[in-house]
$ cat start.cif   # mmCIF, N, CA and C atoms
data_protein
#
loop_
_atom_site.label_atom_id
_atom_site.label_comp_id
_atom_site.auth_asym_id
_atom_site.auth_seq_id
_atom_site.Cartn_x
_atom_site.Cartn_y
_atom_site.Cartn_z
N MET S 1 -66.34 5.25 -19.61
CA MET S 1 -67.50 4.52 -19.16
C MET S 1 -68.10 3.70 -20.31
N LYS S 2 -68.10 4.29 -21.50
CA LYS S 2 -68.64 3.61 -22.66
C LYS S 2 -67.81 2.37 -23.01
N LYS S 3 -66.50 2.50 -22.90
CA LYS S 3 -65.61 1.37 -23.19
C LYS S 3 -65.84 0.23 -22.20
N LEU S 4 -66.08 0.57 -20.96
CA LEU S 4 -66.33 -0.43 -19.94
C LEU S 4 -67.62 -1.20 -20.23
N LEU S 5 -68.66 -0.49 -20.66
CA LEU S 5 -69.92 -1.16 -21.01
C LEU S 5 -69.76 -2.06 -22.24
N VAL S 6 -69.01 -1.59 -23.22
CA VAL S 6 -68.76 -2.39 -24.42
C VAL S 6 -67.98 -3.65 -24.05
N ALA S 7 -66.96 -3.51 -23.21
CA ALA S 7 -66.16 -4.66 -22.79
C ALA S 7 -67.01 -5.65 -21.99
N ALA S 8 -67.86 -5.14 -21.11
CA ALA S 8 -68.73 -6.01 -20.31
C ALA S 8 -69.70 -6.76 -21.22
N ALA S 9 -70.28 -6.08 -22.19
CA ALA S 9 -71.20 -6.72 -23.12
C ALA S 9 -70.48 -7.79 -23.94
N LEU S 10 -69.25 -7.50 -24.33
CA LEU S 10 -68.47 -8.46 -25.09
C LEU S 10 -68.20 -9.72 -24.27
N PHE S 11 -67.78 -9.54 -23.02
CA PHE S 11 -67.51 -10.69 -22.16
C PHE S 11 -68.78 -11.49 -21.87
N ILE S 12 -69.88 -10.81 -21.68
CA ILE S 12 -71.14 -11.53 -21.44
C ILE S 12 -71.52 -12.33 -22.69
N GLY S 13 -71.39 -11.70 -23.85
CA GLY S 13 -71.70 -12.39 -25.10
C GLY S 13 -70.81 -13.60 -25.32
N LEU S 14 -69.52 -13.45 -25.07
CA LEU S 14 -68.60 -14.58 -25.22
C LEU S 14 -68.92 -15.69 -24.23
N GLY S 15 -69.31 -15.31 -23.04
CA GLY S 15 -69.69 -16.30 -22.03
C GLY S 15 -70.90 -17.10 -22.45
N LEU S 16 -71.90 -16.41 -23.01
CA LEU S 16 -73.10 -17.10 -23.47
C LEU S 16 -72.79 -18.05 -24.64
N VAL S 17 -71.95 -17.60 -25.56
CA VAL S 17 -71.57 -18.46 -26.69
C VAL S 17 -70.81 -19.68 -26.18
N ALA S 18 -69.89 -19.49 -25.27
CA ALA S 18 -69.12 -20.61 -24.72
C ALA S 18 -70.02 -21.60 -23.99
N LYS S 19 -71.00 -21.08 -23.25
CA LYS S 19 -71.92 -21.95 -22.54
C LYS S 19 -72.75 -22.78 -23.51
N ARG S 20 -73.20 -22.14 -24.56
CA ARG S 20 -74.03 -22.85 -25.55
C ARG S 20 -73.21 -23.93 -26.27
N LEU S 21 -71.98 -23.60 -26.65
CA LEU S 21 -71.13 -24.58 -27.30
C LEU S 21 -70.76 -25.72 -26.35
N GLY S 22 -70.56 -25.37 -25.09
CA GLY S 22 -70.22 -26.39 -24.10
C GLY S 22 -71.30 -27.42 -23.92
N THR S 23 -72.55 -27.01 -23.93
CA THR S 23 -73.64 -27.97 -23.77
C THR S 23 -73.77 -28.85 -25.00
N ARG S 24 -73.46 -28.32 -26.16
CA ARG S 24 -73.50 -29.14 -27.38
C ARG S 24 -72.37 -30.16 -27.39
N MET S 25 -71.22 -29.79 -26.89
CA MET S 25 -70.05 -30.66 -26.94
C MET S 25 -70.18 -31.83 -25.96
N GLN S 26 -71.03 -31.72 -24.95
CA GLN S 26 -71.18 -32.80 -23.99
C GLN S 26 -71.85 -34.01 -24.62
N ASN S 27 -72.66 -33.80 -25.62
CA ASN S 27 -73.42 -34.88 -26.22
C ASN S 27 -72.69 -35.57 -27.37
N VAL S 28 -71.44 -35.21 -27.60
CA VAL S 28 -70.67 -35.79 -28.71
C VAL S 28 -69.96 -37.04 -28.23
N ASP S 29 -70.04 -38.11 -29.02
CA ASP S 29 -69.32 -39.35 -28.73
C ASP S 29 -67.94 -39.24 -29.36
N TRP S 30 -66.96 -38.76 -28.58
CA TRP S 30 -65.63 -38.47 -29.12
C TRP S 30 -64.92 -39.73 -29.59
N GLU S 31 -65.10 -40.83 -28.89
CA GLU S 31 -64.43 -42.07 -29.29
C GLU S 31 -64.91 -42.49 -30.69
N LYS S 32 -66.20 -42.37 -30.92
CA LYS S 32 -66.76 -42.71 -32.23
C LYS S 32 -66.23 -41.76 -33.30
N LYS S 33 -66.12 -40.47 -32.96
CA LYS S 33 -65.59 -39.48 -33.91
C LYS S 33 -64.14 -39.81 -34.29
N PHE S 34 -63.32 -40.21 -33.31
CA PHE S 34 -61.94 -40.57 -33.60
C PHE S 34 -61.86 -41.79 -34.50
N GLU S 35 -62.73 -42.77 -34.25
CA GLU S 35 -62.72 -43.98 -35.06
C GLU S 35 -63.13 -43.70 -36.50
N GLU S 36 -64.01 -42.71 -36.72
CA GLU S 36 -64.46 -42.38 -38.06
C GLU S 36 -63.41 -41.61 -38.87
N MET S 37 -62.43 -41.04 -38.19
CA MET S 37 -61.41 -40.26 -38.88
C MET S 37 -60.49 -41.18 -39.68
N PRO S 38 -59.91 -40.65 -40.77
CA PRO S 38 -58.92 -41.45 -41.50
C PRO S 38 -57.68 -41.68 -40.64
N ASP S 39 -56.92 -42.72 -40.98
CA ASP S 39 -55.75 -43.07 -40.17
C ASP S 39 -54.67 -41.99 -40.17
N ASN S 40 -54.64 -41.14 -41.20
CA ASN S 40 -53.60 -40.12 -41.26
C ASN S 40 -54.05 -38.78 -40.67
N ALA S 41 -55.16 -38.76 -39.94
CA ALA S 41 -55.65 -37.53 -39.32
C ALA S 41 -54.83 -37.20 -38.08
N PRO S 42 -54.37 -35.96 -37.94
CA PRO S 42 -53.54 -35.58 -36.78
C PRO S 42 -54.20 -35.86 -35.42
N PRO S 43 -55.51 -35.64 -35.24
CA PRO S 43 -56.07 -35.98 -33.92
C PRO S 43 -55.92 -37.45 -33.57
N LYS S 44 -55.96 -38.31 -34.58
CA LYS S 44 -55.79 -39.74 -34.33
C LYS S 44 -54.36 -40.02 -33.88
N TRP S 45 -53.40 -39.32 -34.45
CA TRP S 45 -52.00 -39.47 -34.01
C TRP S 45 -51.89 -39.08 -32.54
N MET S 46 -52.49 -37.95 -32.20
CA MET S 46 -52.40 -37.48 -30.81
C MET S 46 -53.06 -38.48 -29.88
N PHE S 47 -54.20 -39.03 -30.27
CA PHE S 47 -54.90 -39.99 -29.42
C PHE S 47 -54.05 -41.23 -29.20
N ARG S 48 -53.40 -41.71 -30.27
CA ARG S 48 -52.52 -42.88 -30.12
C ARG S 48 -51.34 -42.56 -29.22
N ASN S 49 -50.76 -41.38 -29.37
CA ASN S 49 -49.62 -41.00 -28.54
C ASN S 49 -50.03 -40.89 -27.08
N ILE S 50 -51.19 -40.33 -26.82
CA ILE S 50 -51.66 -40.20 -25.45
C ILE S 50 -51.90 -41.58 -24.85
N THR S 51 -52.45 -42.49 -25.63
CA THR S 51 -52.67 -43.85 -25.16
C THR S 51 -51.34 -44.53 -24.83
N ALA S 52 -50.36 -44.35 -25.70
CA ALA S 52 -49.04 -44.95 -25.45
C ALA S 52 -48.39 -44.35 -24.20
N ILE S 53 -48.52 -43.06 -24.02
CA ILE S 53 -47.96 -42.41 -22.83
C ILE S 53 -48.61 -42.95 -21.57
N ARG S 54 -49.94 -43.12 -21.59
CA ARG S 54 -50.64 -43.66 -20.43
C ARG S 54 -50.17 -45.08 -20.12
N GLU S 55 -50.00 -45.90 -21.14
CA GLU S 55 -49.53 -47.27 -20.92
C GLU S 55 -48.13 -47.27 -20.31
N ASN S 56 -47.25 -46.42 -20.84
CA ASN S 56 -45.90 -46.33 -20.29
C ASN S 56 -45.92 -45.85 -18.86
N THR S 57 -46.75 -44.87 -18.57
CA THR S 57 -46.86 -44.34 -17.21
C THR S 57 -47.34 -45.42 -16.26
N ASP S 58 -48.32 -46.22 -16.69
CA ASP S 58 -48.81 -47.31 -15.85
C ASP S 58 -47.71 -48.31 -15.55
N ARG S 59 -46.90 -48.64 -16.57
CA ARG S 59 -45.79 -49.58 -16.36
C ARG S 59 -44.77 -49.01 -15.38
N ILE S 60 -44.45 -47.74 -15.54
CA ILE S 60 -43.48 -47.10 -14.63
C ILE S 60 -44.00 -47.09 -13.21
N LEU S 61 -45.29 -46.78 -13.04
CA LEU S 61 -45.87 -46.76 -11.70
C LEU S 61 -45.86 -48.14 -11.07
N GLU S 62 -46.10 -49.19 -11.86
CA GLU S 62 -46.04 -50.55 -11.34
C GLU S 62 -44.64 -50.88 -10.84
N VAL S 63 -43.62 -50.49 -11.60
CA VAL S 63 -42.23 -50.75 -11.18
C VAL S 63 -41.92 -49.98 -9.90
N LEU S 64 -42.33 -48.74 -9.84
CA LEU S 64 -42.07 -47.94 -8.64
C LEU S 64 -42.81 -48.50 -7.43
N ASP S 65 -44.05 -48.92 -7.62
CA ASP S 65 -44.80 -49.51 -6.51
C ASP S 65 -44.16 -50.80 -6.03
N ALA S 66 -43.64 -51.59 -6.95
CA ALA S 66 -42.97 -52.82 -6.56
C ALA S 66 -41.71 -52.51 -5.75
N ASP S 67 -40.99 -51.46 -6.14
CA ASP S 67 -39.79 -51.08 -5.39
C ASP S 67 -40.15 -50.57 -3.99
N ARG S 68 -41.24 -49.85 -3.88
CA ARG S 68 -41.65 -49.31 -2.58
C ARG S 68 -42.19 -50.38 -1.66
N SER S 69 -42.80 -51.40 -2.21
CA SER S 69 -43.41 -52.44 -1.38
C SER S 69 -42.37 -53.38 -0.76
N ASP S 70 -41.14 -53.40 -1.27
CA ASP S 70 -40.08 -54.25 -0.75
C ASP S 70 -38.90 -53.42 -0.25
N PRO S 71 -39.08 -52.65 0.83
CA PRO S 71 -37.95 -51.83 1.31
C PRO S 71 -36.83 -52.67 1.92
N ALA S 72 -37.13 -53.87 2.42
CA ALA S 72 -36.09 -54.71 3.03
C ALA S 72 -35.07 -55.15 1.99
N GLU S 73 -35.52 -55.45 0.78
CA GLU S 73 -34.60 -55.85 -0.28
C GLU S 73 -33.68 -54.70 -0.65
N GLY S 74 -34.21 -53.51 -0.71
CA GLY S 74 -33.41 -52.34 -1.06
C GLY S 74 -32.34 -52.06 -0.03
N GLU S 75 -32.65 -52.27 1.25
CA GLU S 75 -31.66 -52.05 2.30
C GLU S 75 -30.55 -53.08 2.26
N SER S 76 -30.89 -54.33 1.95
CA SER S 76 -29.86 -55.36 1.93
C SER S 76 -28.90 -55.17 0.75
N GLU S 77 -29.43 -54.65 -0.37
CA GLU S 77 -28.58 -54.40 -1.53
C GLU S 77 -27.65 -53.21 -1.27
N ALA S 78 -28.15 -52.19 -0.60
CA ALA S 78 -27.37 -50.98 -0.36
C ALA S 78 -26.34 -51.20 0.73
N GLY S 79 -26.68 -52.01 1.72
CA GLY S 79 -25.81 -52.14 2.88
C GLY S 79 -24.85 -53.23 2.75
#
$ encode --input "start.cif" --output "structure tokens"
Amino acid sequence: MKKLLVAAALFIGLGLVAKRLGTRMQNVDWEKKFEEMPDNAPPKWMFRNITAIRENTDRILEVLDADRSDPAEGESEAG
């Protein structure tokens, strides 16, 4: 019973800490923080890679949408 109370108190405490940190993190301007970092900072690398992945994904989706919008052309090529 004592272990259960200790575990419950621990989880409640962790929940309160997480909630407090969460409200502080909402007010942070992350884009500004990334810009202030040096160019060789690992988070900046990740941000650039994520941006590149999003751009590539957008291009792929455009190609796929173009293929889907012209089903008549696809049938004439296959048949």
$ atom_distance --input "start.cif" --atom1 "atom CA of Phe47 of chain S" --atom2 "atom CA of Trp30 of chain S"
10.8 Å
$ atom_distance --input "start.cif" --atom1 "atom CA of Arg20 of chain S" --atom2 "atom CA of Val6 of chain S"
21.2 Å
$ atom_distance --input "start.cif" --atom1 "atom CA of Glu31 of chain S" --atom2 "atom N of Arg48 of chain S"
11.1 Å
$ decode --input "start.cif" --residues "segment 34-73 of chain S" --atoms "C-alpha atoms" --output "CSV table (one decimal), in the first residue's frame"
chain,number,residue,atom,x,y,z
S,34,PHE,CA,16.6,28.5,-34.4
S,35,GLU,CA,17.7,31.6,-36.3
S,36,GLU,CA,19.8,32.7,-33.3
S,37,MET,CA,21.7,29.3,-33.2
S,38,PRO,CA,25.1,29.0,-34.9
S,39,ASP,CA,25.0,27.3,-38.3
S,40,ASN,CA,26.7,24.2,-37.1
S,41,ALA,CA,24.1,23.5,-34.3
S,42,PRO,CA,22.5,20.1,-34.7
S,43,PRO,CA,18.9,21.4,-34.3
S,44,LYS,CA,19.5,23.7,-37.2
S,45,TRP,CA,20.6,20.7,-39.3
S,46,MET,CA,17.4,18.9,-38.3
S,47,PHE,CA,15.2,21.9,-39.2
S,48,ARG,CA,16.8,22.2,-42.6
S,49,ASN,CA,16.4,18.5,-43.2
S,50,ILE,CA,12.7,18.6,-42.2
S,51,THR,CA,12.2,21.6,-44.5
S,52,ALA,CA,13.8,19.7,-47.4
S,53,ILE,CA,11.7,16.6,-46.7
S,54,ARG,CA,8.5,18.7,-46.7
S,55,GLU,CA,9.5,20.3,-50.0
S,56,ASN,CA,10.2,17.0,-51.6
S,57,THR,CA,6.9,15.6,-50.3
S,58,ASP,CA,5.0,18.5,-51.8
S,59,ARG,CA,6.7,17.9,-55.2
S,60,ILE,CA,5.8,14.2,-55.0
S,61,LEU,CA,2.2,14.9,-54.1
S,62,GLU,CA,1.9,17.3,-57.0
S,63,VAL,CA,3.2,14.7,-59.4
S,64,LEU,CA,0.8,12.1,-58.0
S,65,ASP,CA,-2.1,14.5,-58.1
S,66,ALA,CA,-1.3,15.3,-61.8
S,67,ASP,CA,-1.3,11.5,-62.6
S,68,ARG,CA,-4.6,11.0,-60.8
S,69,SER,CA,-6.3,13.9,-62.5
S,70,ASP,CA,-5.6,12.5,-66.0
S,71,PRO,CA,-6.8,8.9,-65.9
S,72,ALA,CA,-7.7,8.9,-69.6
S,73,GLU,CA,-4.0,9.4,-70.6
